[in-house]
$ cat structure.pdb   # PDB, C-alpha atoms
ATOM      1  CA  THR A   1     113.943  71.558  68.219
ATOM      2  CA  GLY A   2     116.720  71.581  65.605
ATOM      3  CA  GLY A   3     117.203  68.541  63.414
ATOM      4  CA  ALA A   4     114.445  68.802  60.798
ATOM      5  CA  LYS A   5     115.549  67.681  57.332
ATOM      6  CA  PRO A   6     114.183  68.613  53.907
ATOM      7  CA  GLY A   7     111.651  66.073  52.655
ATOM      8  CA  GLN A   8     110.315  65.250  56.109
ATOM      9  CA  ASP A   9     106.664  65.446  57.051
ATOM     10  CA  VAL A  10     105.584  67.818  59.796
ATOM     11  CA  VAL A  11     103.270  65.938  62.162
ATOM     12  CA  MET A  12     101.174  67.518  64.861
ATOM     13  CA  SER A  13      99.566  65.770  67.816
ATOM     14  CA  LYS A  14      96.190  66.740  69.260
ATOM     15  CA  TRP A  15      94.743  70.158  68.326
ATOM     16  CA  ALA A  16      95.597  73.830  67.946
ATOM     17  CA  GLY A  17      95.202  76.150  70.915
ATOM     18  CA  ILE A  18      94.681  73.476  73.581
ATOM     19  CA  GLU A  19      96.004  75.382  76.571
ATOM     20  CA  GLY A  20      94.768  78.778  75.420
ATOM     21  CA  THR A  21      91.261  77.456  74.908
ATOM     22  CA  SER A  22      91.219  75.996  78.408
ATOM     23  CA  ILE A  23      92.586  79.198  79.965
ATOM     24  CA  LEU A  24      90.071  81.412  78.170
ATOM     25  CA  ALA A  25      87.153  79.119  79.098
ATOM     26  CA  HIS A  26      88.179  79.147  82.756
ATOM     27  CA  ASP A  27      88.997  82.842  82.975
ATOM     28  CA  TYR A  28      86.042  84.133  80.945
ATOM     29  CA  GLU A  29      83.371  81.521  81.611
ATOM     30  CA  THR A  30      80.881  84.169  82.745
ATOM     31  CA  LEU A  31      81.474  86.260  79.632
ATOM     32  CA  LEU A  32      81.190  83.226  77.329
ATOM     33  CA  THR A  33      78.026  81.902  78.993
ATOM     34  CA  GLY A  34      75.044  82.709  76.815
ATOM     35  CA  LYS A  35      77.298  83.250  73.782
ATOM     36  CA  ILE A  36      78.627  79.703  73.486
ATOM     37  CA  ALA A  37      76.751  76.526  74.395
ATOM     38  CA  PRO A  38      77.568  75.246  77.910
ATOM     39  CA  LEU A  39      78.732  71.914  76.436
ATOM     40  CA  TYR A  40      81.496  73.687  74.495
ATOM     41  CA  ILE A  41      82.556  75.738  77.508
ATOM     42  CA  ASP A  42      82.814  72.533  79.585
ATOM     43  CA  GLN A  43      84.762  70.777  76.810
ATOM     44  CA  ALA A  44      87.099  73.772  76.528
ATOM     45  CA  LYS A  45      87.794  73.766  80.256
ATOM     46  CA  ALA A  46      88.472  70.009  80.137
ATOM     47  CA  LEU A  47      91.243  70.468  77.556
ATOM     48  CA  SER A  48      93.599  71.047  80.485
ATOM     49  CA  HIS A  49      93.677  67.233  80.793
ATOM     50  CA  TYR A  50      95.578  67.028  77.476
ATOM     51  CA  LEU A  51      98.615  69.150  78.364
ATOM     52  CA  SER A  52     101.164  66.337  78.689
ATOM     53  CA  VAL A  53     103.158  65.466  75.570
ATOM     54  CA  MET A  54     104.965  62.496  77.121
ATOM     55  CA  PRO A  55     102.804  59.808  75.471
ATOM     56  CA  GLU A  56     103.374  61.086  71.931
ATOM     57  CA  SER A  57     107.052  61.843  72.467
ATOM     58  CA  LYS A  58     107.660  58.226  73.522
ATOM     59  CA  ILE A  59     105.832  56.925  70.436
ATOM     60  CA  ALA A  60     107.573  59.424  68.149
ATOM     61  CA  MET A  61     111.027  58.095  68.987
ATOM     62  CA  SER A  62     110.136  54.832  67.225
ATOM     63  CA  TYR A  63     109.352  56.622  63.956
ATOM     64  CA  GLY A  64     112.572  58.453  63.204
ATOM     65  CA  VAL A  65     111.567  61.832  64.560
ATOM     66  CA  THR A  66     114.486  64.255  64.230
ATOM     67  CA  ALA A  67     112.857  67.371  65.722
ATOM     68  CA  MET A  68     110.095  67.839  68.311
ATOM     69  CA  HIS A  69     108.646  70.959  69.836
ATOM     70  CA  ASP A  70     105.802  71.370  72.333
ATOM     71  CA  ALA A  71     103.645  74.127  70.828
ATOM     72  CA  THR A  72     103.634  76.591  73.684
ATOM     73  CA  GLU A  73     103.468  80.378  73.186
ATOM     74  CA  GLY A  74     102.934  81.280  69.561
ATOM     75  CA  GLY A  75     100.860  78.153  69.028
ATOM     76  CA  ILE A  76     101.214  75.653  66.211
ATOM     77  CA  LEU A  77     102.468  78.187  63.678
ATOM     78  CA  GLY A  78     105.025  79.466  66.171
ATOM     79  CA  ALA A  79     106.259  75.926  66.833
ATOM     80  CA  CYS A  80     106.589  75.276  63.096
ATOM     81  CA  TRP A  81     108.587  78.482  62.634
ATOM     82  CA  GLU A  82     110.846  77.609  65.576
ATOM     83  CA  ILE A  83     111.576  74.102  64.256
ATOM     84  CA  ALA A  84     112.507  75.403  60.793
ATOM     85  CA  ASN A  85     114.578  78.249  62.230
ATOM     86  CA  ALA A  86     116.443  76.020  64.696
ATOM     87  CA  SER A  87     117.080  73.460  61.945
ATOM     88  CA  GLY A  88     118.342  75.965  59.374
ATOM     89  CA  SER A  89     115.750  74.659  56.940
ATOM     90  CA  GLY A  90     112.515  75.839  55.424
ATOM     91  CA  ILE A  91     108.969  74.744  56.079
ATOM     92  CA  GLU A  92     105.662  74.672  54.277
ATOM     93  CA  VAL A  93     102.676  74.506  56.636
ATOM     94  CA  PHE A  94      99.294  73.357  55.333
ATOM     95  CA  THR A  95      97.123  75.524  57.564
ATOM     96  CA  GLY A  96      93.944  73.835  56.330
ATOM     97  CA  GLN A  97      95.224  70.538  57.763
ATOM     98  CA  ILE A  98      95.813  71.872  61.289
ATOM     99  CA  PRO A  99      93.172  70.249  63.531
ATOM    100  CA  VAL A 100      91.124  72.725  65.559
ATOM    101  CA  ARG A 101      88.386  71.601  67.946
ATOM    102  CA  GLU A 102      84.950  73.198  67.674
ATOM    103  CA  GLU A 103      85.146  74.760  71.135
ATOM    104  CA  THR A 104      88.467  76.362  70.191
ATOM    105  CA  LYS A 105      86.958  77.778  66.992
ATOM    106  CA  LEU A 106      84.000  79.214  68.889
ATOM    107  CA  ILE A 107      86.092  80.802  71.627
ATOM    108  CA  CYS A 108      88.662  82.179  69.188
ATOM    109  CA  ASP A 109      85.909  83.599  66.983
ATOM    110  CA  PHE A 110      84.362  85.237  70.041
ATOM    111  CA  PHE A 111      87.658  86.916  70.966
ATOM    112  CA  ALA A 112      88.697  87.503  67.306
ATOM    113  CA  ILE A 113      92.009  85.623  67.642
ATOM    114  CA  ASN A 114      93.773  83.009  65.514
ATOM    115  CA  PRO A 115      93.652  79.489  67.028
ATOM    116  CA  GLN A 116      96.760  78.492  65.070
ATOM    117  CA  ARG A 117      98.777  81.133  66.955
ATOM    118  CA  LEU A 118      97.190  80.499  70.366
ATOM    119  CA  ILE A 119      99.249  78.827  73.111
ATOM    120  CA  ALA A 120      98.962  75.115  72.408
ATOM    121  CA  SER A 121     100.849  73.351  75.195
ATOM    122  CA  GLY A 122      99.934  69.698  74.927
ATOM    123  CA  SER A 123     100.316  69.615  71.166
ATOM    124  CA  MET A 124     103.627  68.351  69.844
ATOM    125  CA  VAL A 125     105.026  69.308  66.425
ATOM    126  CA  MET A 126     107.407  66.656  65.066
ATOM    127  CA  THR A 127     109.374  66.005  61.876
ATOM    128  CA  THR A 128     109.952  62.586  60.329
ATOM    129  CA  PHE A 129     110.252  60.812  56.993
ATOM    130  CA  GLU A 130     107.640  58.350  58.368
ATOM    131  CA  GLY A 131     104.762  60.823  58.798
ATOM    132  CA  VAL A 132     101.907  58.526  57.814
ATOM    133  CA  LYS A 133     103.196  55.714  60.024
ATOM    134  CA  LEU A 134     103.641  58.091  62.967
ATOM    135  CA  VAL A 135     100.132  59.530  62.568
ATOM    136  CA  ASN A 136      98.689  56.006  62.453
ATOM    137  CA  ALA A 137     100.670  54.906  65.538
ATOM    138  CA  LEU A 138      99.524  57.953  67.487
ATOM    139  CA  LYS A 139      95.904  57.367  66.515
ATOM    140  CA  GLU A 140      96.181  53.688  67.481
ATOM    141  CA  ASN A 141      97.235  54.924  70.927
ATOM    142  CA  GLY A 142      94.265  57.290  71.219
ATOM    143  CA  ILE A 143      96.186  60.462  70.321
ATOM    144  CA  HIS A 144      94.732  62.615  67.560
ATOM    145  CA  ALA A 145      97.384  63.497  64.949
ATOM    146  CA  ALA A 146      97.748  64.909  61.449
ATOM    147  CA  ILE A 147     100.395  65.744  58.872
ATOM    148  CA  ILE A 148     100.352  69.530  58.678
ATOM    149  CA  GLY A 149     103.304  70.308  56.431
ATOM    150  CA  ARG A 150     106.710  69.386  55.118
ATOM    151  CA  ILE A 151     110.264  70.507  55.612
ATOM    152  CA  ILE A 152     111.790  72.182  52.551
ATOM    153  CA  GLU A 153     115.276  73.478  51.724
ATOM    154  CA  GLN A 154     114.567  77.134  52.424
ATOM    155  CA  GLY A 155     111.776  79.615  52.974
ATOM    156  CA  MET A 156     108.935  79.509  55.464
ATOM    157  CA  PHE A 157     105.472  79.399  53.986
ATOM    158  CA  MET A 158     101.889  78.662  54.891
ATOM    159  CA  ASN A 159      99.444  76.979  52.506
ATOM    160  CA  GLU A 160     100.061  74.982  49.354
ATOM    161  CA  GLU A 161      98.333  76.898  46.580
ATOM    162  CA  VAL A 162      98.892  80.536  47.511
ATOM    163  CA  LYS A 163     102.092  80.625  49.501
ATOM    164  CA  THR A 164     102.044  83.137  52.352
ATOM    165  CA  PRO A 165     105.177  83.867  54.393
ATOM    166  CA  LEU A 166     105.271  82.183  57.793
ATOM    167  CA  LEU A 167     106.501  84.973  60.014
ATOM    168  CA  GLN A 168     108.373  84.743  63.295
ATOM    169  CA  PRO A 169     105.848  84.689  66.119
ATOM    170  CA  ASP A 170     105.317  87.823  68.126
ATOM    171  CA  ALA A 171     103.028  87.962  71.163
ATOM    172  CA  ASP A 172     100.786  84.946  71.630
ATOM    173  CA  GLU A 173      97.158  85.457  70.627
ATOM    174  CA  ILE A 174      96.047  85.094  74.245
ATOM    175  CA  TYR A 175      97.638  88.500  74.932
ATOM    176  CA  LYS A 176      95.796  90.094  72.015
ATOM    177  CA  ILE A 177      92.238  89.502  73.161
ATOM    178  CA  LYS A 178      90.005  92.482  73.454
ATOM    179  CA  LEU A 179      87.004  92.017  75.649
ATOM    180  CA  PRO A 180      83.766  92.767  73.850
ATOM    181  CA  GLU A 181      81.836  95.719  75.158
ATOM    182  CA  GLN A 182      79.091  94.515  77.400
TER     183      GLN A 182
END

$ encode --input "structure.pdb" --output "structure tokens"
Amino acid sequence: TGGAKPGQDVVMSKWAGIEGTSILAHDYETLLTGKIAPLYIDQAKALSHYLSVMPESKIAMSYGVTAMHDATEGGILGACWEIANASGSGIEVFTGQIPVREETKLICDFFAINPQRLIASGSMVMTTFEGVKLVNALKENGIHAAIIGRIIEQGMFMNEEVKTPLLQPDADEIYKIKLPEQ
């Protein structure tokens, strides 16, 4: 997790909240039925097929990756914070660039939770000076990827225009859900 260097791109594979979306769709399918289209519930449940990060980690090694972290509890934003903290560097995360699937948005909206802080096992956050090349290589291998930030000297921020502090993750969003009154 440590090893990020100022000037590097922060690359993310796949999408925010992969595992959390799948868990919530499986555990609360009955509750979600009628509120979210069946197609999205099925797609959410199928996200469990994307939990391995082995394919992208093998590709990443060819593109000078110096830090990698599977985005487990705390989600994508938690993984970004952990990389910067472990590396003794700063980070600027472009939250608008974090890919979120439609089914994740719908389920997170339903439960009023943040998909960027939802357990995202299966998504790898990586740092490299070759961000564009890494994203292209991942996409060529059928793995969705995006540059979602950059490593800076110090400070942890979200967004480019109005910088907001990136805080240390507390409980994962999956533990914060409140079931709607029925």

$ atom_distance --input "structure.pdb" --atom1 "atom CA of Met12 of chain A" --atom2 "atom CA of Ile59 of chain A"
12.8 Å

$ residues_around --input "structure.pdb" --residues "segment 100-104 of chain A" --least-positions-apart "4" --cutoff "9 Å" --atoms "all atoms listed in the file" --output "list in words"
Lys14, Trp15, Ala16, Gly17, Ile18, Gly20, Thr21, Ser22, Ile36, Leu39, Tyr40, Ile41, Gln43, Ala44, Cys108, Asp109, Pro115 and Gln116 of chain A

$ resolve_selection --input "structure.pdb" --expression "the PyMOL selection byres ((chain A and resi 154) around 9)" --output "PDB file with C-alpha atoms, keeping the file's coordinate frame"
ATOM      1  CA  PRO A   6     114.183  68.613  53.907  1.00  0.00           C
ATOM      2  CA  ALA A  84     112.507  75.403  60.793  1.00  0.00           C
ATOM      3  CA  GLY A  88     118.342  75.965  59.374  1.00  0.00           C
ATOM      4  CA  SER A  89     115.750  74.659  56.940  1.00  0.00           C
ATOM      5  CA  GLY A  90     112.515  75.839  55.424  1.00  0.00           C
ATOM      6  CA  ILE A  91     108.969  74.744  56.079  1.00  0.00           C
ATOM      7  CA  ILE A 151     110.264  70.507  55.612  1.00  0.00           C
ATOM      8  CA  ILE A 152     111.790  72.182  52.551  1.00  0.00           C
ATOM      9  CA  GLU A 153     115.276  73.478  51.724  1.00  0.00           C
ATOM     10  CA  GLY A 155     111.776  79.615  52.974  1.00  0.00           C
ATOM     11  CA  MET A 156     108.935  79.509  55.464  1.00  0.00           C
TER      12      MET A 156
END

$ resolve_selection --input "structure.pdb" --expression "the PyMOL selection byres ((chain A and resi 137) around 12)" --output "tab-separated table (two decimals) with C-alpha atoms, keeping the file's coordinate frame"
chain	number	residue	atom	x	y	z
A	11	VAL	CA	103.27	65.94	62.16
A	13	SER	CA	99.57	65.77	67.82
A	55	PRO	CA	102.80	59.81	75.47
A	56	GLU	CA	103.37	61.09	71.93
A	57	SER	CA	107.05	61.84	72.47
A	58	LYS	CA	107.66	58.23	73.52
A	59	ILE	CA	105.83	56.92	70.44
A	60	ALA	CA	107.57	59.42	68.15
A	61	MET	CA	111.03	58.10	68.99
A	62	SER	CA	110.14	54.83	67.22
A	63	TYR	CA	109.35	56.62	63.96
A	130	GLU	CA	107.64	58.35	58.37
A	131	GLY	CA	104.76	60.82	58.80
A	132	VAL	CA	101.91	58.53	57.81
A	133	LYS	CA	103.20	55.71	60.02
A	134	LEU	CA	103.64	58.09	62.97
A	135	VAL	CA	100.13	59.53	62.57
A	136	ASN	CA	98.69	56.01	62.45
A	138	LEU	CA	99.52	57.95	67.49
A	139	LYS	CA	95.90	57.37	66.52
A	140	GLU	CA	96.18	53.69	67.48
A	141	ASN	CA	97.24	54.92	70.93
A	142	GLY	CA	94.26	57.29	71.22
A	143	ILE	CA	96.19	60.46	70.32
A	144	HIS	CA	94.73	62.62	67.56
A	145	ALA	CA	97.38	63.50	64.95
A	146	ALA	CA	97.75	64.91	61.45

$ closest_residue --input "structure.pdb" --among "A:Ala37, A:Val93, A:Ala25, A:Leu51" --to "Gly78 of chain A" --atoms "all atoms listed in the file"
A:Val93

$ residues_near_point --input "structure.pdb" --point "(82.5, 82.9, 81.0)" --cutoff "12 Å" --atoms "all atoms listed in the file" --output "PyMOL selection string"
chain A and resi 21-38+40-42+44-45+107+110-111+179

$ atom_distance --input "structure.pdb" --atom1 "atom CA of Val65 of chain A" --atom2 "atom CA of Ser123 of chain A"
15.2 Å

$ resolve_selection --input "structure.pdb" --expression "the PyMOL selection byres ((chain A and resi 9) around 7)" --output "short mmCIF file (atom, residue, chain, number, x, y, z; two decimals) with C-alpha atoms, keeping the file's coordinate frame"
data_model
loop_
_atom_site.label_atom_id
_atom_site.label_comp_id
_atom_site.auth_asym_id
_atom_site.auth_seq_id
_atom_site.Cartn_x
_atom_site.Cartn_y
_atom_site.Cartn_z
CA GLY A 7 111.65 66.07 52.66
CA GLN A 8 110.32 65.25 56.11
CA VAL A 10 105.58 67.82 59.80
CA VAL A 11 103.27 65.94 62.16
CA THR A 127 109.37 66.00 61.88
CA THR A 128 109.95 62.59 60.33
CA PHE A 129 110.25 60.81 56.99
CA GLY A 131 104.76 60.82 58.80
CA ILE A 147 100.40 65.74 58.87
CA GLY A 149 103.30 70.31 56.43
CA ARG A 150 106.71 69.39 55.12
CA ILE A 151 110.26 70.51 55.61
#

$ residues_around --input "structure.pdb" --residues "Tyr175 of chain A" --least-positions-apart "5" --cutoff "10 Å" --atoms "all atoms listed in the file" --output "list in words"
Ile113, Leu118 and Ile119 of chain A

$ atom_distance --input "structure.pdb" --atom1 "atom CA of Tyr50 of chain A" --atom2 "atom CA of His69 of chain A"
15.6 Å

$ closest_residue --input "structure.pdb" --among "A:Met124, A:Ile177, A:Met158, A:Leu106" --to "Ala67 of chain A" --atoms "all atoms listed in the file"
A:Met124

$ closest_residue --input "structure.pdb" --among "A:Thr95, A:Ala46, A:Val53, A:Gly64" --to "Thr164 of chain A" --atoms "all atoms listed in the file"
A:Thr95

$ closest_residue --input "structure.pdb" --among "A:Ser87, A:Gln168, A:Gln97, A:Asn159" --to "Gly3 of chain A" --atoms "all atoms listed in the file"
A:Ser87

$ closest_residue --input "structure.pdb" --among "A:Ile148, A:Ala86, A:Leu47, A:Ala120" --to "Ile174 of chain A" --atoms "only C-alpha atoms"
A:Ala120

$ closest_residue --input "structure.pdb" --among "A:Pro169, A:Ala4, A:Ile98, A:Glu160" --to "Thr72 of chain A" --atoms "all atoms listed in the file"
A:Pro169

$ axis_aligned_box --input "structure.pdb" --around "segment 151-158 of chain A" --padding-each-side "4 Å" --output "lines of an AutoDock Vina configuration file"
center_x = 108.6
center_y = 75.1
center_z = 53.7
size_x = 21.4
size_y = 17.1
size_z = 11.9

$ decode --input "structure.pdb" --residues "segment 25-44 of chain A" --atoms "N, CA, C and O atoms" --output "PDB file, in the first residue's frame"
ATOM      1  N   ALA A  25     -27.873  -6.259  -2.781  1.00  0.00           N
ATOM      2  CA  ALA A  25     -28.857  -6.826  -3.721  1.00  0.00           C
ATOM      3  C   ALA A  25     -29.267  -8.235  -3.299  1.00  0.00           C
ATOM      4  O   ALA A  25     -30.441  -8.596  -3.402  1.00  0.00           O
ATOM      5  N   HIS A  26     -28.309  -9.013  -2.830  1.00  0.00           N
ATOM      6  CA  HIS A  26     -28.630 -10.365  -2.359  1.00  0.00           C
ATOM      7  C   HIS A  26     -29.432 -10.328  -1.058  1.00  0.00           C
ATOM      8  O   HIS A  26     -30.445 -11.010  -0.934  1.00  0.00           O
ATOM      9  N   ASP A  27     -28.960  -9.547  -0.112  1.00  0.00           N
ATOM     10  CA  ASP A  27     -29.577  -9.543   1.218  1.00  0.00           C
ATOM     11  C   ASP A  27     -30.945  -8.856   1.254  1.00  0.00           C
ATOM     12  O   ASP A  27     -31.778  -9.205   2.092  1.00  0.00           O
ATOM     13  N   TYR A  28     -31.141  -7.868   0.394  1.00  0.00           N
ATOM     14  CA  TYR A  28     -32.376  -7.077   0.443  1.00  0.00           C
ATOM     15  C   TYR A  28     -33.159  -7.120  -0.867  1.00  0.00           C
ATOM     16  O   TYR A  28     -33.884  -6.190  -1.193  1.00  0.00           O
ATOM     17  N   GLU A  29     -33.009  -8.216  -1.598  1.00  0.00           N
ATOM     18  CA  GLU A  29     -33.695  -8.335  -2.885  1.00  0.00           C
ATOM     19  C   GLU A  29     -35.201  -8.098  -2.744  1.00  0.00           C
ATOM     20  O   GLU A  29     -35.798  -7.368  -3.542  1.00  0.00           O
ATOM     21  N   THR A  30     -35.813  -8.673  -1.740  1.00  0.00           N
ATOM     22  CA  THR A  30     -37.257  -8.523  -1.549  1.00  0.00           C
ATOM     23  C   THR A  30     -37.620  -7.061  -1.313  1.00  0.00           C
ATOM     24  O   THR A  30     -38.592  -6.558  -1.879  1.00  0.00           O
ATOM     25  N   LEU A  31     -36.848  -6.383  -0.510  1.00  0.00           N
ATOM     26  CA  LEU A  31     -37.093  -4.971  -0.217  1.00  0.00           C
ATOM     27  C   LEU A  31     -36.897  -4.096  -1.463  1.00  0.00           C
ATOM     28  O   LEU A  31     -37.655  -3.146  -1.693  1.00  0.00           O
ATOM     29  N   LEU A  32     -35.899  -4.424  -2.267  1.00  0.00           N
ATOM     30  CA  LEU A  32     -35.590  -3.638  -3.466  1.00  0.00           C
ATOM     31  C   LEU A  32     -36.574  -3.898  -4.608  1.00  0.00           C
ATOM     32  O   LEU A  32     -36.788  -3.028  -5.446  1.00  0.00           O
ATOM     33  N   THR A  33     -37.157  -5.088  -4.634  1.00  0.00           N
ATOM     34  CA  THR A  33     -38.091  -5.450  -5.700  1.00  0.00           C
ATOM     35  C   THR A  33     -39.287  -4.495  -5.672  1.00  0.00           C
ATOM     36  O   THR A  33     -39.877  -4.258  -4.626  1.00  0.00           O
ATOM     37  N   GLY A  34     -39.595  -3.955  -6.830  1.00  0.00           N
ATOM     38  CA  GLY A  34     -40.674  -2.981  -6.933  1.00  0.00           C
ATOM     39  C   GLY A  34     -40.185  -1.553  -6.805  1.00  0.00           C
ATOM     40  O   GLY A  34     -40.880  -0.615  -7.180  1.00  0.00           O
ATOM     41  N   LYS A  35     -38.973  -1.378  -6.252  1.00  0.00           N
ATOM     42  CA  LYS A  35     -38.381  -0.042  -6.114  1.00  0.00           C
ATOM     43  C   LYS A  35     -37.309   0.198  -7.173  1.00  0.00           C
ATOM     44  O   LYS A  35     -37.071   1.318  -7.581  1.00  0.00           O
ATOM     45  N   ILE A  36     -36.665  -0.900  -7.568  1.00  0.00           N
ATOM     46  CA  ILE A  36     -35.597  -0.858  -8.567  1.00  0.00           C
ATOM     47  C   ILE A  36     -35.922  -1.927  -9.602  1.00  0.00           C
ATOM     48  O   ILE A  36     -36.350  -3.028  -9.248  1.00  0.00           O
ATOM     49  N   ALA A  37     -35.701  -1.612 -10.868  1.00  0.00           N
ATOM     50  CA  ALA A  37     -36.012  -2.553 -11.942  1.00  0.00           C
ATOM     51  C   ALA A  37     -35.285  -3.879 -11.730  1.00  0.00           C
ATOM     52  O   ALA A  37     -34.119  -3.897 -11.318  1.00  0.00           O
ATOM     53  N   PRO A  38     -35.969  -5.000 -12.011  1.00  0.00           N
ATOM     54  CA  PRO A  38     -35.367  -6.326 -11.824  1.00  0.00           C
ATOM     55  C   PRO A  38     -34.019  -6.483 -12.545  1.00  0.00           C
ATOM     56  O   PRO A  38     -33.119  -7.136 -12.023  1.00  0.00           O
ATOM     57  N   LEU A  39     -33.872  -5.867 -13.702  1.00  0.00           N
ATOM     58  CA  LEU A  39     -32.609  -5.944 -14.447  1.00  0.00           C
ATOM     59  C   LEU A  39     -31.458  -5.418 -13.584  1.00  0.00           C
ATOM     60  O   LEU A  39     -30.395  -6.033 -13.513  1.00  0.00           O
ATOM     61  N   TYR A  40     -31.666  -4.300 -12.907  1.00  0.00           N
ATOM     62  CA  TYR A  40     -30.608  -3.716 -12.085  1.00  0.00           C
ATOM     63  C   TYR A  40     -30.322  -4.570 -10.849  1.00  0.00           C
ATOM     64  O   TYR A  40     -29.168  -4.674 -10.424  1.00  0.00           O
ATOM     65  N   ILE A  41     -31.338  -5.167 -10.284  1.00  0.00           N
ATOM     66  CA  ILE A  41     -31.124  -6.053  -9.139  1.00  0.00           C
ATOM     67  C   ILE A  41     -30.290  -7.262  -9.584  1.00  0.00           C
ATOM     68  O   ILE A  41     -29.334  -7.651  -8.908  1.00  0.00           O
ATOM     69  N   ASP A  42     -30.632  -7.843 -10.735  1.00  0.00           N
ATOM     70  CA  ASP A  42     -29.862  -8.982 -11.256  1.00  0.00           C
ATOM     71  C   ASP A  42     -28.422  -8.582 -11.557  1.00  0.00           C
ATOM     72  O   ASP A  42     -27.484  -9.335 -11.252  1.00  0.00           O
ATOM     73  N   GLN A  43     -28.232  -7.407 -12.168  1.00  0.00           N
ATOM     74  CA  GLN A  43     -26.873  -6.941 -12.472  1.00  0.00           C
ATOM     75  C   GLN A  43     -26.084  -6.706 -11.186  1.00  0.00           C
ATOM     76  O   GLN A  43     -24.892  -7.015 -11.115  1.00  0.00           O
ATOM     77  N   ALA A  44     -26.749  -6.159 -10.172  1.00  0.00           N
ATOM     78  CA  ALA A  44     -26.086  -5.921  -8.887  1.00  0.00           C
ATOM     79  C   ALA A  44     -25.641  -7.236  -8.255  1.00  0.00           C
ATOM     80  O   ALA A  44     -24.517  -7.348  -7.762  1.00  0.00           O
TER      81      ALA A  44
END
